[in-house]
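protein-v1.cif, holding mmCIF, C-alpha atoms and all ligand atoms:
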data_entry
#
loop_
_atom_site.label_atom_id
_atom_site.label_comp_id
_atom_site.auth_asym_id
_atom_site.auth_seq_id
_atom_site.Cartn_x
_atom_site.Cartn_y
_atom_site.Cartn_z
CA MET A 1 -80.27 128.20 116.96
CA ASN A 2 -83.40 126.17 117.71
CA GLN A 3 -86.65 128.03 117.43
CA THR A 4 -88.69 128.65 120.58
CA LEU A 5 -92.14 127.08 120.37
CA LEU A 6 -93.50 127.77 123.82
CA THR A 7 -92.65 130.47 126.34
CA VAL A 8 -93.76 130.44 129.95
CA ASP A 9 -93.29 133.74 131.78
CA ASN A 10 -93.47 134.29 135.52
CA LEU A 11 -95.87 131.46 136.22
CA GLY A 12 -97.42 131.45 139.68
CA LYS A 13 -99.98 129.17 141.28
CA SER A 14 -101.38 128.90 144.79
CA TYR A 15 -103.61 126.33 146.44
CA LYS A 16 -105.64 128.00 149.14
CA ASP A 17 -103.11 130.30 150.85
CA LYS A 18 -100.04 128.34 149.86
CA GLN A 19 -98.01 129.43 146.88
CA ILE A 20 -96.92 126.26 145.11
CA VAL A 21 -95.30 127.73 141.99
CA LYS A 22 -93.49 131.06 142.18
CA ASP A 23 -92.30 133.06 139.24
CA ILE A 24 -91.23 130.20 136.97
CA SER A 25 -90.11 131.14 133.45
CA PHE A 26 -88.76 128.92 130.72
CA SER A 27 -89.08 128.10 127.06
CA VAL A 28 -89.35 124.91 125.06
CA LYS A 29 -87.63 124.85 121.69
CA LYS A 30 -88.24 122.88 118.51
CA GLY A 31 -85.97 119.87 118.24
CA MET A 32 -84.87 120.11 121.85
CA ILE A 33 -85.58 118.09 124.99
CA THR A 34 -86.17 120.25 128.05
CA ALA A 35 -86.23 118.45 131.38
CA ILE A 36 -88.13 119.79 134.35
CA LEU A 37 -86.65 118.33 137.52
CA GLY A 38 -87.25 118.70 141.21
CA PRO A 39 -87.91 116.78 144.41
CA ASN A 40 -91.36 115.34 145.16
CA GLY A 41 -93.78 118.17 145.70
CA ALA A 42 -91.48 120.75 144.05
CA GLY A 43 -94.28 121.86 141.72
CA LYS A 44 -93.41 120.13 138.44
CA SER A 45 -96.86 118.71 137.71
CA THR A 46 -98.49 121.95 138.86
CA THR A 47 -96.26 123.85 136.39
CA ILE A 48 -97.12 121.45 133.58
CA ARG A 49 -100.86 121.50 134.33
CA SER A 50 -100.91 125.29 134.58
CA MET A 51 -99.02 125.54 131.31
CA MET A 52 -101.42 123.13 129.59
CA GLY A 53 -104.45 125.07 130.81
CA ILE A 54 -105.66 122.03 132.80
CA MET A 55 -105.61 124.36 135.78
CA GLN A 56 -105.72 128.12 135.75
CA PRO A 57 -102.44 129.75 136.82
CA ASP A 58 -102.82 132.75 139.14
CA GLU A 59 -100.00 134.64 137.53
CA GLY A 60 -97.95 134.59 134.37
CA ASP A 61 -98.27 134.07 130.64
CA VAL A 62 -98.03 131.05 128.41
CA GLN A 63 -97.34 131.95 124.81
CA TYR A 64 -97.40 129.40 122.01
CA GLN A 65 -95.55 130.61 118.97
CA GLY A 66 -97.79 131.65 116.13
CA HIS A 67 -100.90 131.21 118.23
CA PRO A 68 -102.75 134.46 118.80
CA LYS A 69 -104.49 133.45 122.00
CA GLN A 70 -102.95 132.73 125.38
CA GLY A 71 -102.30 129.11 126.16
CA VAL A 72 -101.49 125.98 124.27
CA PRO A 73 -103.47 124.84 121.18
CA HIS A 74 -104.56 121.29 122.03
CA GLN A 75 -104.31 119.79 118.51
CA LYS A 76 -100.63 120.61 118.36
CA VAL A 77 -99.73 119.16 121.71
CA GLY A 78 -99.23 115.60 122.92
CA TYR A 79 -99.46 114.95 126.65
CA LEU A 80 -98.58 111.91 128.70
CA PRO A 81 -99.95 112.76 132.13
CA GLU A 82 -98.45 111.61 135.41
CA GLU A 83 -101.59 109.66 136.21
CA ARG A 84 -101.66 106.76 133.79
CA GLY A 85 -104.93 105.17 132.97
CA LEU A 86 -106.64 104.09 129.82
CA TYR A 87 -110.09 102.58 129.63
CA LYS A 88 -109.47 99.02 130.74
CA ASN A 89 -111.89 97.17 128.48
CA VAL A 90 -111.24 99.04 125.25
CA LYS A 91 -109.00 97.69 122.49
CA ILE A 92 -105.60 99.33 122.12
CA MET A 93 -106.20 100.44 118.53
CA ASP A 94 -109.58 101.96 119.43
CA ILE A 95 -108.00 103.97 122.23
CA ILE A 96 -105.24 105.25 119.97
CA LEU A 97 -107.73 106.17 117.25
CA TYR A 98 -109.91 107.90 119.85
CA PHE A 99 -106.99 110.11 120.84
CA ALA A 100 -106.20 110.80 117.17
CA ASP A 101 -109.83 111.82 116.62
CA LEU A 102 -109.71 114.17 119.63
CA LYS A 103 -106.85 115.92 117.86
CA ASP A 104 -108.62 115.96 114.47
CA TYR A 105 -105.98 113.70 112.98
CA PRO A 106 -106.99 111.56 109.93
CA LYS A 107 -108.05 108.05 110.95
CA LYS A 108 -106.31 106.17 108.15
CA LYS A 109 -103.00 107.87 108.82
CA ALA A 110 -103.41 107.31 112.56
CA LYS A 111 -104.04 103.60 112.06
CA ALA A 112 -100.95 103.15 109.92
CA ARG A 113 -98.84 105.06 112.44
CA ALA A 114 -100.30 103.09 115.34
CA LEU A 115 -99.40 99.74 113.73
CA GLU A 116 -95.91 101.01 113.03
CA TYR A 117 -95.42 102.18 116.63
CA LEU A 118 -96.91 99.02 118.15
CA LYS A 119 -94.33 97.07 116.19
CA LYS A 120 -91.55 99.42 117.23
CA PHE A 121 -92.49 99.01 120.90
CA GLY A 122 -92.73 95.21 120.76
CA LEU A 123 -96.53 95.22 120.82
CA GLU A 124 -97.09 93.83 117.35
CA GLY A 125 -100.39 91.99 117.13
CA LYS A 126 -101.73 93.65 120.31
CA ASP A 127 -103.88 96.19 118.48
CA LYS A 128 -107.07 94.21 119.16
CA VAL A 129 -106.19 93.38 122.74
CA SER A 130 -107.82 95.36 125.56
CA VAL A 131 -105.78 97.35 128.08
CA GLU A 132 -106.65 95.02 130.97
CA GLU A 133 -104.80 92.24 129.17
CA LEU A 134 -101.58 94.24 129.04
CA SER A 135 -98.85 94.58 131.66
CA LYS A 136 -98.32 98.01 133.23
CA GLY A 137 -95.28 98.72 131.05
CA MET A 138 -97.13 97.63 127.90
CA ALA A 139 -100.09 99.86 128.78
CA GLN A 140 -97.68 102.73 129.27
CA LYS A 141 -96.27 102.16 125.80
CA ALA A 142 -99.81 102.21 124.39
CA GLN A 143 -100.50 105.48 126.23
CA PHE A 144 -97.26 106.94 124.91
CA ILE A 145 -98.32 106.01 121.35
CA ALA A 146 -101.69 107.67 121.98
CA SER A 147 -99.88 110.86 123.05
CA ILE A 148 -97.82 111.09 119.85
CA ILE A 149 -100.21 109.60 117.31
CA HIS A 150 -101.17 113.02 115.88
CA GLU A 151 -97.54 114.11 115.27
CA PRO A 152 -97.61 116.86 117.90
CA GLU A 153 -95.33 119.89 117.62
CA LEU A 154 -94.98 119.94 121.38
CA LEU A 155 -94.80 116.79 123.46
CA ILE A 156 -95.16 116.91 127.24
CA LEU A 157 -94.17 113.80 129.12
CA ASP A 158 -94.77 113.66 132.85
CA GLU A 159 -92.55 110.88 134.25
CA PRO A 160 -92.40 108.85 131.01
CA PHE A 161 -89.86 106.33 132.35
CA SER A 162 -91.54 105.40 135.62
CA GLY A 163 -92.52 101.76 135.82
CA LEU A 164 -90.51 100.74 132.76
CA ASP A 165 -87.84 98.07 132.74
CA PRO A 166 -84.34 99.16 131.58
CA VAL A 167 -84.85 97.79 128.06
CA SER A 168 -88.15 99.64 127.67
CA GLN A 169 -86.55 102.77 129.15
CA ASP A 170 -83.96 102.58 126.38
CA VAL A 171 -86.69 102.17 123.75
CA PHE A 172 -88.49 105.26 125.12
CA LYS A 173 -85.25 107.21 125.35
CA ARG A 174 -84.39 106.46 121.72
CA GLU A 175 -87.90 107.31 120.57
CA ILE A 176 -87.96 110.61 122.47
CA ARG A 177 -84.58 111.56 120.99
CA GLU A 178 -85.77 110.63 117.51
CA LEU A 179 -88.91 112.73 117.89
CA ALA A 180 -86.77 115.68 118.96
CA ASP A 181 -84.34 115.13 116.09
CA ASN A 182 -87.33 115.30 113.75
CA GLY A 183 -88.26 118.71 115.16
CA THR A 184 -90.67 118.00 118.03
CA ALA A 185 -90.27 120.27 121.07
CA ILE A 186 -90.22 118.07 124.15
CA LEU A 187 -90.76 118.90 127.80
CA LEU A 188 -90.35 116.04 130.20
CA SER A 189 -90.27 115.52 133.91
CA SER A 190 -88.41 112.63 135.45
CA HIS A 191 -86.70 111.51 138.63
CA GLN A 192 -84.23 109.32 136.77
CA MET A 193 -81.21 111.58 136.69
CA ASN A 194 -79.06 109.17 134.70
CA LEU A 195 -81.62 109.16 131.88
CA ILE A 196 -81.99 112.93 132.03
CA GLU A 197 -78.22 113.31 131.88
CA GLU A 198 -78.23 111.22 128.72
CA ILE A 199 -81.08 112.83 126.81
CA ALA A 200 -81.90 116.34 127.99
CA ASP A 201 -80.64 119.37 126.09
CA ASP A 202 -81.98 121.96 128.55
CA LEU A 203 -82.69 121.73 132.26
CA LEU A 204 -85.04 123.49 134.62
CA LEU A 205 -84.55 122.42 138.20
CA ILE A 206 -87.17 123.63 140.63
CA HIS A 207 -87.35 123.36 144.38
CA LYS A 208 -90.24 124.52 146.56
CA GLY A 209 -91.90 126.01 143.49
CA LYS A 210 -88.92 128.19 142.50
CA THR A 211 -86.30 127.90 139.77
CA VAL A 212 -82.99 126.80 141.25
CA ILE A 213 -81.00 125.93 138.14
CA GLN A 214 -81.74 126.69 134.53
CA GLY A 215 -79.69 126.33 131.40
CA SER A 216 -78.44 123.93 128.80
CA MET A 217 -77.10 120.60 130.01
CA GLU A 218 -73.62 121.74 128.96
CA GLU A 219 -73.90 125.00 130.92
CA VAL A 220 -75.24 123.24 133.99
CA LYS A 221 -72.49 120.64 133.90
CA GLU A 222 -69.84 123.23 133.44
CA GLN A 223 -71.16 125.56 136.09
CA TYR A 224 -72.42 123.15 138.73
CA SER A 225 -70.52 119.91 138.27
CA ASN A 226 -67.68 120.68 140.60
CA TYR A 227 -65.03 118.07 141.20
CA LYS A 228 -65.04 115.68 144.09
CA CYS A 229 -62.11 113.66 145.31
CA THR A 230 -62.84 110.31 146.92
CA ILE A 231 -60.14 108.83 149.15
CA VAL A 232 -60.26 105.31 150.57
CA GLY A 233 -58.08 104.83 153.67
CA GLU A 234 -58.19 105.20 157.49
CA ASN A 235 -58.19 109.00 157.66
CA GLU A 236 -59.76 111.62 159.92
CA ALA A 237 -61.97 114.04 157.98
CA SER A 238 -60.21 116.91 159.77
CA LEU A 239 -57.00 116.04 157.96
CA PHE A 240 -58.46 117.43 154.74
CA GLU A 241 -60.74 120.19 155.97
CA ASN A 242 -58.21 122.97 155.66
CA LEU A 243 -56.79 122.00 152.30
CA PRO A 244 -57.07 124.75 149.68
CA SER A 245 -60.19 124.64 147.47
CA VAL A 246 -62.01 122.11 149.68
CA GLN A 247 -65.60 123.25 150.21
CA SER A 248 -66.81 120.38 152.32
CA VAL A 249 -65.74 116.98 153.52
CA GLU A 250 -67.92 113.91 154.01
CA GLN A 251 -66.80 110.85 155.85
CA ASP A 252 -68.33 107.40 155.64
CA GLY A 253 -66.20 104.75 157.34
CA ASN A 254 -62.84 104.68 155.58
CA ARG A 255 -64.15 106.66 152.62
CA THR A 256 -63.66 110.41 152.61
CA VAL A 257 -65.18 112.59 149.93
CA LEU A 258 -63.76 116.07 149.41
CA TYR A 259 -65.98 118.46 147.45
CA LEU A 260 -63.80 120.95 145.61
CA GLU A 261 -64.34 124.47 144.38
CA LYS A 262 -65.34 124.93 140.80
CA ASP A 263 -62.21 126.53 139.46
CA VAL A 264 -59.70 124.26 141.16
CA HIS A 265 -56.52 123.52 139.21
CA LEU A 266 -56.25 119.79 139.76
CA PRO A 267 -52.54 119.23 139.05
CA THR A 268 -51.67 121.87 141.68
CA TRP A 269 -54.37 120.74 144.07
CA VAL A 270 -53.16 117.13 144.29
CA THR A 271 -49.73 118.32 145.43
CA HIS A 272 -51.37 119.62 148.64
CA MET A 273 -52.33 116.12 149.85
CA PRO A 274 -51.12 115.87 153.48
CA GLN A 275 -48.11 113.62 153.98
CA ALA A 276 -49.96 111.89 156.80
CA SER A 277 -52.90 110.80 154.62
CA ILE A 278 -53.41 107.11 153.98
CA ILE A 279 -54.44 106.57 150.39
CA GLN A 280 -55.49 103.09 149.33
CA GLU A 281 -57.55 104.47 146.49
CA MET A 282 -58.12 107.96 145.19
CA THR A 283 -60.45 109.08 142.40
CA ILE A 284 -61.37 112.51 141.13
CA ASP A 285 -64.67 112.91 139.26
CA ARG A 286 -67.19 115.56 138.54
CA ILE A 287 -70.33 115.45 140.68
CA SER A 288 -73.22 113.97 138.76
CA LEU A 289 -76.61 115.45 138.04
CA HIS A 290 -77.87 113.02 140.69
CA GLU A 291 -75.60 114.62 143.31
CA ILE A 292 -76.51 118.13 142.18
CA PHE A 293 -80.15 117.16 142.59
CA VAL A 294 -79.66 115.54 146.01
CA GLY A 295 -77.64 118.57 147.13
CA ILE A 296 -80.53 120.84 146.23
CA ALA A 297 -83.24 118.60 147.61
CA THR A 298 -81.43 118.31 150.93
CA GLU A 299 -80.44 121.96 150.79
CA LYS A 300 -76.79 121.09 151.07
CA ASP A 301 -74.65 123.41 149.01
CA LEU A 302 -72.33 121.24 146.94
CA MET A 303 -72.09 123.78 144.20
CA LYS A 304 -70.95 126.97 145.83
CA SER A 305 -68.60 129.30 144.02
CA GLY A 306 -68.90 130.30 140.46
CA GLY A 307 -72.63 131.02 140.21
CA GLY A 308 -74.66 129.43 137.49
CA ALA A 309 -76.61 129.74 134.32
CA ASN A 310 -79.48 131.12 136.31
CA HIS A 311 -79.03 130.40 139.97
CA ALA A 312 -82.02 131.83 141.82
N1 LIG B 401 -105.12 119.98 144.03
C1 LIG B 401 -104.26 120.35 144.97
N2 LIG B 401 -104.69 121.00 146.09
C2 LIG B 401 -103.80 121.39 147.04
N3 LIG B 401 -102.47 121.23 146.97
C3 LIG B 401 -102.00 120.59 145.88
C4 LIG B 401 -102.86 120.12 144.83
N4 LIG B 401 -102.07 119.53 143.88
C5 LIG B 401 -100.80 119.63 144.31
N5 LIG B 401 -100.75 120.25 145.51
C6 LIG B 401 -99.53 120.57 146.28
O1 LIG B 401 -98.65 121.27 145.43
C7 LIG B 401 -97.31 120.91 145.66
C8 LIG B 401 -96.65 120.56 144.35
O2 LIG B 401 -97.25 119.39 143.81
P1 LIG B 401 -96.84 118.84 142.37
O3 LIG B 401 -97.73 117.66 142.10
O4 LIG B 401 -96.83 119.95 141.40
O5 LIG B 401 -95.35 118.37 142.65
P2 LIG B 401 -94.36 117.53 141.74
O6 LIG B 401 -93.11 118.32 141.67
O7 LIG B 401 -95.00 117.15 140.47
O8 LIG B 401 -94.13 116.27 142.69
P3 LIG B 401 -93.89 114.70 142.38
O9 LIG B 401 -92.43 114.57 141.99
O10 LIG B 401 -94.15 114.08 143.71
O11 LIG B 401 -94.84 114.26 141.31
C9 LIG B 401 -97.35 119.80 146.72
O12 LIG B 401 -97.04 120.37 147.95
C10 LIG B 401 -98.77 119.32 146.68
O13 LIG B 401 -99.18 118.89 147.96
#
For the file at hand, write its structure as structure tokens.
Amino acid sequence: MNQTLLTVDNLGKSYKDKQIVKDISFSVKKGMITAILGPNGAGKSTTIRSMMGIMQPDEGDVQYQGHPKQGVPHQKVGYLPEERGLYKNVKIMDIILYFADLKDYPKKKAKARALEYLKKFGLEGKDKVSVEELSKGMAQKAQFIASIIHEPELLILDEPFSGLDPVSQDVFKREIRELADNGTAILLSSHQMNLIEEIADDLLLIHKGKTVIQGSMEEVKEQYSNYKCTIVGENEASLFENLPSVQSVEQDGNRTVLYLEKDVHLPTWVTHMPQASIIQEMTIDRISLHEIFVGIATEKDLMKSGGGANHA
């Protein structure tokens, strides 16, 4: 069982009269990647900033293991904020060493680590180059290095993949996994569901400031990834609407998608296909994290029946 490093209990935050974050609780564990997901404006950055003490939450507790005071001890935490931005006319190495110094990390060790990471991220020889001479993706890599230079116990990454090409996304993904495998507790927010599906161990999906889904990736997949059956052929949607275990039907031209109940027994279910249906192609898959997300964001219930790890 992985050890909990950070616990957030009943976090609440309002701006003026509007409650943005309501009663959010979660934990981040050593060696695990926890993803915080949600549509634009759901409250992810507000949750992260409240947790980090960058803004004062109105309600709730943030407890860092082994730390007597409330809140997060800054030397032990690495943070890649949503707003990128490094001083434009400062050399990469100087920026990284500045961040190391802020965290009281030894300069010599930081320099050696920085050179190692620059090489790893394809930025070898760029240590004396200033940020303005780098591309956006390269600058993001430099900022990522600055956030991990002091070997943080807890790493918080707000949208780490945005603006990166697919190759760089893979490099980041591998690095984040490696940091977790070496014991770092990682909390990340991202809109790239395919990447989250690949790397996250735990999920917290929030919508309108409230927890909608919470649990391990395995639990979420098992409990929310219902089956869907896609049929290609000239069919009326109504042909399938009354089939057993069909929750909803979507029609797009000659493609009909049937969303099925969670506990459907597929071998039996397929025998109920109407004789009149025209089937040029038929596939049965589980709905993806992307579809779960879109279903929540658009408030369309694709995941009825069966409840969830923590369905609020
Ligand atoms: N300083 C602020 N003053 C007032 N309202 C704010 C402030 N910062 C954020 N909000 C509001 O809080 C809500 C949540 O914003 P937040 O940035 O936490 O969302 P998010 O989930 O990180 O979104 P995104 O995916 O777009 O980054 C939004 O409705 C936003 O308008």
As an exercise, work out the distance from atom C1 of ligand LIG 401 (chain B) to CA of Pro57 in chain A in Å and give it to one decimal place.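 Value for the atom C1 of ligand LIG 401 (chain B)-CA of Pro57 in chain A distance: 12.6 Å.
Each residue with an atom within 7 Å of any atom of ligand LIG 401 (chain B) appears in the list, which was built counting only C-alpha atoms and all ligand atoms: Tyr15, Ile20, Gly38, Pro39, Asn40, Gly41, Ala42, Gly43, Lys44, Ser45, Thr46 and Thr47 of chain A.
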Grab the residues selected above and save them as a compact mmCIF listing (two decimals), keeping the file's coordinate frame with C-alpha atoms.
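As a result, again.txt now contains:
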# COMPACT_ATOMS: atom_id res chain seq x y z
CA TYR A 15 -103.61 126.33 146.44
CA ILE A 20 -96.92 126.26 145.11
CA GLY A 38 -87.25 118.70 141.21
CA PRO A 39 -87.91 116.78 144.41
CA ASN A 40 -91.36 115.34 145.16
CA GLY A 41 -93.78 118.17 145.70
CA ALA A 42 -91.48 120.75 144.05
CA GLY A 43 -94.28 121.86 141.72
CA LYS A 44 -93.41 120.13 138.44
CA SER A 45 -96.86 118.71 137.71
CA THR A 46 -98.49 121.95 138.86
CA THR A 47 -96.26 123.85 136.39
Mind checking which residues fall within 12 Å of Gly85 in chain A, counting only C-alpha atoms, ignoring those fewer than 6 positions away in the same chain, and posting them as a PDB file with C-alpha atoms, keeping the file's coordinate frame?
ATOM      1  CA  ILE A  95    -108.000 103.970 122.230  1.00  0.00           C
ATOM      2  CA  VAL A 131    -105.780  97.350 128.080  1.00  0.00           C
ATOM      3  CA  GLU A 132    -106.650  95.020 130.970  1.00  0.00           C
ATOM      4  CA  LYS A 136     -98.320  98.010 133.230  1.00  0.00           C
ATOM      5  CA  GLY A 137     -95.280  98.720 131.050  1.00  0.00           C
ATOM      6  CA  MET A 138     -97.130  97.630 127.900  1.00  0.00           C
ATOM      7  CA  ALA A 139    -100.090  99.860 128.780  1.00  0.00           C
ATOM      8  CA  GLN A 140     -97.680 102.730 129.270  1.00  0.00           C
ATOM      9  CA  LYS A 141     -96.270 102.160 125.800  1.00  0.00           C
ATOM     10  CA  ALA A 142     -99.810 102.210 124.390  1.00  0.00           C
ATOM     11  CA  GLN A 143    -100.500 105.480 126.230  1.00  0.00           C
ATOM     12  CA  PHE A 144     -97.260 106.940 124.910  1.00  0.00           C
ATOM     13  CA  ALA A 146    -101.690 107.670 121.980  1.00  0.00           C
TER      14      ALA A 146
END
Within 12 Å of (-108.0, 115.2, 117.2) (coordinates as in the file), grab all the protein and nucleic acid residues, counting all atoms listed in the file, and write them out as a PyMOL selection string. chain A and resi 73-78+96-107+110+146-152
Show which residues sit within 10 Å of Thr283 in chain A, as a PDB file with C-alpha atoms, keeping the file's coordinate frame. Count all atoms listed in the file, and ignore same-chain residues fewer than 6 positions away.
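The result, written out as part29.pdb:
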ATOM      1  CA  LYS A 228     -65.040 115.680 144.090  1.00  0.00           C
ATOM      2  CA  CYS A 229     -62.110 113.660 145.310  1.00  0.00           C
ATOM      3  CA  THR A 230     -62.840 110.310 146.920  1.00  0.00           C
ATOM      4  CA  ILE A 231     -60.140 108.830 149.150  1.00  0.00           C
ATOM      5  CA  VAL A 232     -60.260 105.310 150.570  1.00  0.00           C
ATOM      6  CA  VAL A 257     -65.180 112.590 149.930  1.00  0.00           C
TER       7      VAL A 257
END
